[in-house]
Structure formats: structure tokens, C-alpha cells
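Asker: Please find model-v3.pdb (PDB, C-alpha atoms and all ligand atoms) on the next line:
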ATOM      1  CA  MET A   1      22.417 -17.317   3.835
ATOM      2  CA  ALA A   2      22.365 -13.670   2.830
ATOM      3  CA  GLU A   3      19.886 -11.474   4.638
ATOM      4  CA  ALA A   4      16.585 -11.061   2.819
ATOM      5  CA  LYS A   5      15.971  -7.788   1.030
ATOM      6  CA  THR A   6      13.239  -5.689   2.559
ATOM      7  CA  ALA A   7      10.531  -3.297   1.403
ATOM      8  CA  LEU A   8       7.915  -1.193   3.173
ATOM      9  CA  VAL A   9       4.366  -0.334   2.094
ATOM     10  CA  VAL A  10       2.492   2.424   3.932
ATOM     11  CA  SER A  11      -1.261   2.333   3.372
ATOM     12  CA  ALA A  12      -3.693   4.945   4.714
ATOM     13  CA  HIS A  13      -6.584   2.480   4.920
ATOM     14  CA  ALA A  14      -6.999  -1.285   5.007
ATOM     15  CA  ALA A  15      -7.605  -1.844   1.306
ATOM     16  CA  ASP A  16      -5.256   0.660  -0.318
ATOM     17  CA  PHE A  17      -2.287  -1.692  -0.277
ATOM     18  CA  VAL A  18      -4.456  -4.248  -2.045
ATOM     19  CA  TRP A  19      -5.814  -2.122  -4.926
ATOM     20  CA  ARG A  20      -2.607  -0.198  -5.463
ATOM     21  CA  ALA A  21       0.336  -2.439  -4.522
ATOM     22  CA  ALA A  22      -0.762  -6.058  -4.056
ATOM     23  CA  GLY A  23       1.140  -7.090  -7.183
ATOM     24  CA  ALA A  24       4.355  -5.472  -5.973
ATOM     25  CA  ILE A  25       3.995  -7.142  -2.580
ATOM     26  CA  ALA A  26       3.319 -10.614  -4.005
ATOM     27  CA  LEU A  27       6.028 -10.304  -6.662
ATOM     28  CA  HIS A  28       8.760  -9.349  -4.206
ATOM     29  CA  ALA A  29       7.607 -11.854  -1.579
ATOM     30  CA  LYS A  30       7.781 -14.583  -4.223
ATOM     31  CA  ALA A  31      11.357 -13.531  -4.982
ATOM     32  CA  GLY A  32      12.312 -13.890  -1.311
ATOM     33  CA  TRP A  33      11.906 -10.297  -0.143
ATOM     34  CA  GLN A  34      10.437  -9.470   3.249
ATOM     35  CA  VAL A  35       7.679  -6.959   2.596
ATOM     36  CA  THR A  36       6.267  -5.146   5.629
ATOM     37  CA  ILE A  37       2.897  -3.412   5.342
ATOM     38  CA  VAL A  38       1.904  -0.555   7.631
ATOM     39  CA  CYS A  39      -1.836   0.152   7.716
ATOM     40  CA  LEU A  40      -2.443   3.479   9.443
ATOM     41  CA  SER A  41      -6.174   2.772   9.760
ATOM     42  CA  PHE A  42      -8.693   0.152   8.699
ATOM     43  CA  GLY A  43     -10.775   2.739   6.839
ATOM     44  CA  ALA A  44     -13.785   1.942   9.009
ATOM     45  CA  ARG A  45     -15.374   5.393   8.669
ATOM     46  CA  GLY A  46     -14.569   6.258   5.092
ATOM     47  CA  GLU A  47     -13.815   3.131   3.094
ATOM     48  CA  SER A  48     -16.232   0.459   4.299
ATOM     49  CA  ALA A  49     -19.464   1.433   2.562
ATOM     50  CA  ASN A  50     -20.770  -2.131   2.120
ATOM     51  CA  LEU A  51     -20.291  -2.973   5.784
ATOM     52  CA  TRP A  52     -22.204   0.123   6.966
ATOM     53  CA  ARG A  53     -25.238  -0.971   4.945
ATOM     54  CA  LYS A  54     -25.606  -4.104   7.078
ATOM     55  CA  PRO A  55     -28.118  -3.773   9.930
ATOM     56  CA  GLY A  56     -26.585  -3.243  13.377
ATOM     57  CA  ALA A  57     -23.231  -2.055  12.005
ATOM     58  CA  THR A  58     -20.917  -0.451  14.597
ATOM     59  CA  LEU A  59     -17.511   1.200  14.318
ATOM     60  CA  GLU A  60     -15.936  -1.519  16.494
ATOM     61  CA  GLY A  61     -17.507  -4.309  14.441
ATOM     62  CA  ILE A  62     -16.412  -2.776  11.158
ATOM     63  CA  ASN A  63     -12.885  -2.177  12.428
ATOM     64  CA  ALA A  64     -12.685  -5.851  13.385
ATOM     65  CA  SER A  65     -13.992  -6.976   9.967
ATOM     66  CA  ARG A  66     -11.596  -4.695   8.115
ATOM     67  CA  ARG A  67      -8.660  -5.872  10.233
ATOM     68  CA  ALA A  68      -9.532  -9.475   9.370
ATOM     69  CA  GLU A  69      -9.826  -8.613   5.657
ATOM     70  CA  ALA A  70      -6.466  -6.811   5.646
ATOM     71  CA  GLU A  71      -4.773  -9.701   7.469
ATOM     72  CA  THR A  72      -6.240 -12.205   5.016
ATOM     73  CA  ALA A  73      -5.065 -10.133   2.048
ATOM     74  CA  ALA A  74      -1.562  -9.730   3.525
ATOM     75  CA  LYS A  75      -1.351 -13.494   4.016
ATOM     76  CA  ILE A  76      -2.491 -14.222   0.451
ATOM     77  CA  LEU A  77       0.233 -11.886  -0.834
ATOM     78  CA  GLY A  78       2.947 -13.459   1.304
ATOM     79  CA  ALA A  79       3.686 -10.257   3.227
ATOM     80  CA  HIS A  80       6.259 -10.566   5.996
ATOM     81  CA  GLU A  81       4.277  -8.530   8.519
ATOM     82  CA  LEU A  82       1.197  -6.318   8.723
ATOM     83  CA  ILE A  83       1.622  -3.541  11.280
ATOM     84  CA  ALA A  84      -1.648  -1.820  12.187
ATOM     85  CA  PHE A  85      -1.388   1.661  13.692
ATOM     86  CA  ASP A  86      -5.140   1.364  14.356
ATOM     87  CA  MET A  87      -5.811   5.088  13.875
ATOM     88  CA  GLN A  88      -9.140   6.696  13.113
ATOM     89  CA  ASP A  89      -9.707   7.522   9.432
ATOM     90  CA  TYR A  90     -11.509  10.364   7.682
ATOM     91  CA  PRO A  91      -9.458  12.180   8.803
ATOM     92  CA  LEU A  92      -6.244  10.548  10.011
ATOM     93  CA  PRO A  93      -5.077  12.286  13.211
ATOM     94  CA  ILE A  94      -1.351  12.216  12.404
ATOM     95  CA  GLY A  95       0.800  13.788  15.126
ATOM     96  CA  PRO A  96       4.470  13.720  16.198
ATOM     97  CA  ALA A  97       4.053  10.391  18.041
ATOM     98  CA  GLU A  98       2.719   8.620  14.930
ATOM     99  CA  ILE A  99       5.467  10.140  12.762
ATOM    100  CA  ASP A 100       8.160   8.924  15.194
ATOM    101  CA  HIS A 101       6.487   5.493  15.352
ATOM    102  CA  LEU A 102       6.732   5.170  11.570
ATOM    103  CA  ALA A 103      10.363   6.368  11.657
ATOM    104  CA  ASP A 104      11.074   3.573  14.149
ATOM    105  CA  VAL A 105       9.440   1.031  11.820
ATOM    106  CA  MET A 106      11.581   2.318   8.930
ATOM    107  CA  ARG A 107      14.773   1.920  10.970
ATOM    108  CA  LYS A 108      13.775  -1.590  11.992
ATOM    109  CA  VAL A 109      12.762  -2.698   8.486
ATOM    110  CA  GLN A 110      15.582  -0.855   6.618
ATOM    111  CA  PRO A 111      13.611  -1.007   3.348
ATOM    112  CA  SER A 112      15.278  -0.829  -0.066
ATOM    113  CA  PHE A 113      12.183   1.011  -1.280
ATOM    114  CA  ILE A 114       8.965   2.418   0.157
ATOM    115  CA  LEU A 115       5.535   2.445  -1.472
ATOM    116  CA  SER A 116       2.870   4.939  -0.466
ATOM    117  CA  HIS A 117       0.192   7.271  -1.844
ATOM    118  CA  SER A 118       0.287  10.154  -4.323
ATOM    119  CA  MET A 119       1.330  13.555  -3.017
ATOM    120  CA  ASN A 120      -2.031  15.123  -3.927
ATOM    121  CA  ASP A 121      -5.586  13.840  -3.801
ATOM    122  CA  PRO A 122      -8.418  16.339  -3.402
ATOM    123  CA  TYR A 123     -10.928  13.461  -3.118
ATOM    124  CA  ASN A 124      -9.229  11.715  -0.247
ATOM    125  CA  VAL A 125      -7.010  13.850   1.961
ATOM    126  CA  ASP A 126      -6.022  10.839   4.091
ATOM    127  CA  HIS A 127      -3.921   9.611   1.162
ATOM    128  CA  PRO A 128      -1.589  12.640   0.716
ATOM    129  CA  ASP A 129      -1.550  13.110   4.501
ATOM    130  CA  THR A 130      -0.107   9.588   4.709
ATOM    131  CA  THR A 131       2.531  10.428   2.112
ATOM    132  CA  ALA A 132       3.477  13.621   3.949
ATOM    133  CA  MET A 133       3.875  11.504   7.073
ATOM    134  CA  VAL A 134       6.066   9.023   5.194
ATOM    135  CA  PHE A 135       8.361  11.822   3.981
ATOM    136  CA  LYS A 136       8.660  13.194   7.517
ATOM    137  CA  SER A 137       9.326   9.756   9.011
ATOM    138  CA  ARG A 138      11.871   8.967   6.276
ATOM    139  CA  MET A 139      13.694  12.216   7.029
ATOM    140  CA  ILE A 140      13.669  11.561  10.789
ATOM    141  CA  ALA A 141      14.828   7.947  10.332
ATOM    142  CA  GLN A 142      17.803   9.254   8.305
ATOM    143  CA  ALA A 143      18.815  11.779  10.969
ATOM    144  CA  TRP A 144      21.858  10.924  13.071
ATOM    145  CA  GLY A 145      20.458  12.978  15.935
ATOM    146  CA  TYR A 146      17.250  10.941  16.246
ATOM    147  CA  LYS A 147      17.803   8.186  18.818
ATOM    148  CA  PRO A 148      21.620   8.336  18.454
ATOM    149  CA  GLY A 149      23.331   4.968  18.316
ATOM    150  CA  GLU A 150      20.621   3.262  16.262
ATOM    151  CA  LYS A 151      21.276   2.255  12.670
ATOM    152  CA  ILE A 152      19.994   5.118  10.515
ATOM    153  CA  LEU A 153      17.902   4.656   7.393
ATOM    154  CA  GLY A 154      19.648   4.801   3.989
ATOM    155  CA  ALA A 155      17.979   6.493   1.020
ATOM    156  CA  PRO A 156      15.166   4.194  -0.097
ATOM    157  CA  GLN A 157      13.354   5.146  -3.301
ATOM    158  CA  MET A 158       9.746   6.216  -2.867
ATOM    159  CA  TYR A 159       7.205   4.857  -5.317
ATOM    160  CA  LEU A 160       3.792   6.522  -5.242
ATOM    161  CA  PHE A 161       0.688   4.353  -5.721
ATOM    162  CA  GLU A 162      -1.747   4.976  -8.545
ATOM    163  CA  PRO A 163      -4.594   7.126  -7.155
ATOM    164  CA  HIS A 164      -8.229   6.756  -8.210
ATOM    165  CA  GLN A 165      -8.267   9.764 -10.571
ATOM    166  CA  THR A 166      -4.736  10.413 -11.647
ATOM    167  CA  GLU A 167      -5.181  13.807 -13.336
ATOM    168  CA  GLN A 168      -6.697  15.463 -10.261
ATOM    169  CA  CYS A 169      -3.844  14.118  -8.143
ATOM    170  CA  ASN A 170      -0.969  15.450 -10.285
ATOM    171  CA  TRP A 171       0.256  11.894 -10.546
ATOM    172  CA  LYS A 172       2.111  10.652 -13.613
ATOM    173  CA  PRO A 173       3.617   7.144 -13.749
ATOM    174  CA  ASP A 174       7.240   6.558 -14.696
ATOM    175  CA  THR A 175       7.330   2.888 -13.694
ATOM    176  CA  LEU A 176       5.176  -0.012 -14.892
ATOM    177  CA  LEU A 177       5.654  -3.155 -12.836
ATOM    178  CA  ASP A 178       4.826  -6.436 -14.587
ATOM    179  CA  ILE A 179       2.607  -8.318 -12.121
ATOM    180  CA  SER A 180       1.304 -10.932 -14.598
ATOM    181  CA  SER A 181       2.906 -13.832 -12.708
ATOM    182  CA  VAL A 182       1.142 -12.897  -9.454
ATOM    183  CA  TRP A 183      -2.142 -11.579 -10.846
ATOM    184  CA  GLU A 184      -4.160 -14.492  -9.412
ATOM    185  CA  GLN A 185      -2.809 -13.644  -5.957
ATOM    186  CA  LYS A 186      -3.719  -9.990  -6.373
ATOM    187  CA  LEU A 187      -7.220 -10.927  -7.505
ATOM    188  CA  ALA A 188      -7.661 -13.219  -4.488
ATOM    189  CA  ALA A 189      -6.545 -10.365  -2.201
ATOM    190  CA  ILE A 190      -8.964  -7.990  -3.959
ATOM    191  CA  HIS A 191     -11.774 -10.475  -3.318
ATOM    192  CA  ALA A 192     -10.835 -10.563   0.375
ATOM    193  CA  MET A 193     -11.868  -6.900   0.644
ATOM    194  CA  GLN A 194     -15.574  -7.508   1.173
ATOM    195  CA  GLY A 195     -16.208  -3.940   2.354
ATOM    196  CA  GLN A 196     -15.598  -2.440  -1.089
ATOM    197  CA  GLU A 197     -16.961  -4.886  -3.640
ATOM    198  CA  HIS A 198     -17.803  -1.967  -5.943
ATOM    199  CA  LEU A 199     -14.061  -1.510  -6.578
ATOM    200  CA  TRP A 200     -13.193  -5.098  -7.546
ATOM    201  CA  SER A 201     -13.824  -4.738 -11.260
ATOM    202  CA  TYR A 202     -12.496  -1.173 -11.328
ATOM    203  CA  TYR A 203      -9.046  -2.222 -10.127
ATOM    204  CA  THR A 204      -9.067  -5.313 -12.329
ATOM    205  CA  ASN A 205      -9.590  -2.984 -15.300
ATOM    206  CA  VAL A 206      -6.788  -0.700 -14.114
ATOM    207  CA  ALA A 207      -4.374  -3.662 -13.950
ATOM    208  CA  GLU A 208      -5.371  -4.805 -17.452
ATOM    209  CA  GLN A 209      -4.983  -1.317 -18.932
ATOM    210  CA  ARG A 210      -1.593  -0.826 -17.325
ATOM    211  CA  GLY A 211      -0.674  -4.295 -18.637
ATOM    212  CA  ASN A 212      -1.601  -3.174 -22.139
ATOM    213  CA  GLN A 213       0.544  -0.050 -21.761
ATOM    214  CA  ALA A 214       3.416  -2.153 -20.414
ATOM    215  CA  ARG A 215       3.252  -4.291 -23.564
ATOM    216  CA  ARG A 216       3.369  -1.200 -25.765
ATOM    217  CA  ASN A 217       6.229   0.350 -23.815
ATOM    218  CA  SER A 218       8.301  -2.824 -23.794
ATOM    219  CA  GLY A 219       8.424  -2.917 -27.574
ATOM    220  CA  GLY A 220       7.001  -6.447 -27.715
ATOM    221  CA  GLN A 221      10.324  -8.307 -27.739
ATOM    222  CA  ALA A 222       9.939 -11.730 -29.349
ATOM    223  CA  GLY A 223      10.159 -14.611 -26.913
ATOM    224  CA  ALA A 224       9.350 -12.505 -23.871
ATOM    225  CA  LYS A 225       6.143 -13.469 -22.079
ATOM    226  CA  PRO A 226       3.556 -10.791 -22.809
ATOM    227  CA  VAL A 227       2.526  -8.629 -19.888
ATOM    228  CA  THR A 228      -1.139  -9.178 -19.015
ATOM    229  CA  HIS A 229      -1.353  -7.097 -15.834
ATOM    230  CA  ALA A 230       0.738  -4.268 -14.410
ATOM    231  CA  GLU A 231       0.847  -1.751 -11.595
ATOM    232  CA  ALA A 232       1.923   1.825 -12.250
ATOM    233  CA  TYR A 233       4.028   3.936  -9.911
ATOM    234  CA  MET A 234       5.499   7.416  -9.851
ATOM    235  CA  SER A 235       8.979   7.517  -8.371
ATOM    236  CA  VAL A 236      10.252  10.498  -6.417
ATOM    237  CA  PHE A 237      14.029  10.421  -6.209
ATOM    238  CA  PRO A 238      16.654  10.215  -8.997
ATOM    239  CA  ARG A 239      17.937   6.760  -9.874
ATOM    240  CA  ILE A 240      21.689   6.307  -9.797
ATOM    241  CA  VAL A 241      22.790   4.503 -12.976
ATOM    242  CA  SER A 242      26.031   3.928 -14.829
ATOM    243  CA  THR A 243      24.527   3.386 -18.285
ATOM    244  CA  LEU A 244      21.314   4.671 -19.823
ATOM    245  CA  ASP A 245      20.081   1.519 -21.565
TER     246      ASP A 245
HETATM  247 ZN    ZN B   1      -7.726   4.836   1.111
END
Let me see whether you can do it: turn the structure in this file into C-alpha cells.
Ligand SMILES: [Zn+2]

Answerer:
Amino acid sequence: MAEAKTALVVSAHAADFVWRAAGAIALHAKAGWQVTIVCLSFGARGESANLWRKPGATLEGINASRRAEAETAAKILGAHELIAFDMQDYPLPIGPAEIDHLADVMRKVQPSFILSHSMNDPYNVDHPDTTAMVFKSRMIAQAWGYKPGEKILGAPQMYLFEPHQTEQCNWKPDTLLDISSVWEQKLAAIHAMQGQEHLWSYYTNVAEQRGNQARRNSGGQAGAKPVTHAEAYMSVFPRIVSTLD
């Protein structure tokens, strides 16, 4: 049997991979890919508003709840592995050790593509900080002089997640991924994120709107199943093609 194809998702907080990439994870997992998710933090400080409103809430308790939610969501999506760096959030204390750790994960996973956050986000600095880390780790993992003798990383494409307010983040999609066939899985994963119930309908609407745009951009070919839900991404590196169709 041929080795499974692999992909890597790097999420700043526990729920980001759900809102922004759950469809991509489920879709590739369904097609036999091994999708590894790295969660730098569980978003206990900054992205767990509902849980903090409960009486007696503590940082440890919320971290445990968010870990359980993220693991449930990863399971629903058929992810190969969820790797938790278990860092503090708001802000993420990213240093050389964390960057090397992620480079090691990249070398182990050898992903064909990597998903992470937009390069800018004035509302949530943890998100672009994560992306900056991913670029550094990708560069290190490609370097022959880092841990010589190991298999180096190739040149995986980077796809940047859709941020909450795209215009402020200088983010413009060039890729619409049809996630209609796995939408129910994405919705179930969204519902697993109890700490941020206020975002459930928001990200359902986003998926429907991107689905509508995917229909318009695909020219509505007869016979093709219409796209109902989509995820949008902004790619970073040039694609190597031999024809332009
Ligand atoms: Zn986040």
C-alpha cells in the first residue's frame, strides 16, 4: 500500500482549526490523508468566554475543558493526531524552543501542505504570531544544517485560514474549497466547541456564503453537484503548473 499523503494544520487556539479548517481536515481525512493538527494553546485566557462566566471557573479547569473539546472535534473530523503545545495564550510566548519543536513536527509529518492563520490580524495578535512561527519553522525544517542527517522538509504550500474580519487582516482568498460533502462533520465539530457558542452561527453563515461564491465561480456546470458550503484560503507560494486551464 502506498504511504498516506499528509497535511499539517497549525492553530493558535483550540477552536481555530474548527471554525477555519474543519472542512479541509474532514475532506482530506475522508480521502485517506493523515491530517495532523498542532494546537499551540487551548485559548483558555482569550477564547473561552462562555466558560469564564460559569461560577468557580479556573484557568486549569478551562484548559482541561478546552483540551477535551479540541480532542472531540479532532476525532469527529477524522484527524490523524492532535498535538498540543499547551502554551499560554493572549499572548503566545513563542521562543526558539517552540519554533524548533514545530520544525521537528514538520519534518516528522512531511506535509504536502500546511494550513495556518492570516499574516495580519490587529484584533488577535496570537494569530499572525502563529503564522510567523510557522514560516520560521518551515524555513528551519528545510535547512540542511538543522539536525543534519534527518530528512528535510520539501516545499509545502501554505494556505492561510479565513480570519474574522478579512479586510483588516489584508487577507484575500484565492482558493475556495468545496466542503459540502463533509459539512455535517464540520457542524458537529463546531458544536463541540462549547466555550464559544456565540460563534456557531457566525461560522455557519461564513461557510454558506463561501459556498454561494464557489457556485458562482465554478460557472454552474450542469450535472455537477452544487456547492452548499465552502472554506476560503489565501495561498502564499506560486503553484507549479504545466497548463493554465
Ligand atoms: Zn484564535

Asker: Find the residue from A:Gly149, A:Pro156, A:Gly195, A:Pro238 that sits nearest to Asp174 of chain A; use all atoms listed in the file when measuring.

Answerer: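 Smallest distance to Asp174 of chain A is found for A:Pro238.
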
Asker: Which residues are close to Val18 of chain A, i.e. within 9 Å by only C-alpha atoms, leaving aside same-chain residues fewer than 5 positions away? Reply as a PDB file with C-alpha atoms, in the frame of the given file.

Answerer:
ATOM      1  CA  GLY A  23       1.140  -7.090  -7.183  1.00  0.00           C
ATOM      2  CA  ILE A  25       3.995  -7.142  -2.580  1.00  0.00           C
ATOM      3  CA  ALA A  70      -6.466  -6.811   5.646  1.00  0.00           C
ATOM      4  CA  ALA A  73      -5.065 -10.133   2.048  1.00  0.00           C
ATOM      5  CA  ALA A  74      -1.562  -9.730   3.525  1.00  0.00           C
ATOM      6  CA  LYS A 186      -3.719  -9.990  -6.373  1.00  0.00           C
ATOM      7  CA  ALA A 189      -6.545 -10.365  -2.201  1.00  0.00           C
ATOM      8  CA  ILE A 190      -8.964  -7.990  -3.959  1.00  0.00           C
ATOM      9  CA  MET A 193     -11.868  -6.900   0.644  1.00  0.00           C
TER      10      MET A 193
END

Asker: Kindly resolve the PyMOL selection byres (((chain A and resi 126-142) around 8) and not hetatm) on the present coordinates and return the residues as a VMD selection string.

Answerer: chain A and resid 10 to 12 89 to 92 94 99 to 100 102 to 104 106 to 107 116 to 121 124 to 125 143 to 144 146 152 to 155

Asker: Could you give me, as a ChimeraX atom specification, the residues within 12 Å of Leu82 of chain A, counting all atoms listed in the file and dropping anything in the same chain fewer than 6 positions from it?

Answerer: /A:8-11,14,17,25,34-42,67-75,105

Asker: Rank A:His164, A:His80, A:Lys5, A:Lys172 by their smallest atom-to-atom distance to ligand ZN 1 (chain B), using all atoms listed in the file, and report the top residue only.

Answerer: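 The closest residue to ligand ZN 1 (chain B) is A:His164.
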
Asker: Please evaluate the PyMOL selection byres (((chain A and resi 27) around 12) and not hetatm) against the structure above and give the resulting residues as JSON, numbers by chain.

Answerer: {"A": [7, 21, 22, 23, 24, 25, 26, 28, 29, 30, 31, 32, 33, 34, 35, 76, 77, 78, 79, 177, 178, 179, 180, 181, 182, 183, 184, 185, 186, 230, 231]}

Asker: So which one's closest to ligand ZN 1 (chain B), A:Thr175, A:Asn50, A:Gln196, A:Ser65? Using all atoms listed in the file, please.

Answerer: A:Gln196

Asker: Could you tell me how far atom CA of Glu208 of chain A sits from atom CA of Pro226 of chain A, in Å to one decimal place?

Answerer: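 We find that atom CA of Pro226 of chain A and atom CA of Glu208 of chain A lie 12.0 Å from each other.
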
Asker: Quick one: pull the distance between atom CA of His101 of chain A and atom CA of Lys151 of chain A, Å, one decimal.

Answerer: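 Distance between the two atoms: 15.4 Å.
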
Asker: Between A:Gly95, A:Lys147, A:Met158, A:Arg66, which is the closest to Arg239 of chain A once you count all atoms listed in the file?

Answerer: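 Of A:Gly95, A:Lys147, A:Met158, A:Arg66, the one nearest Arg239 of chain A is A:Met158, counting all atoms listed in the file.
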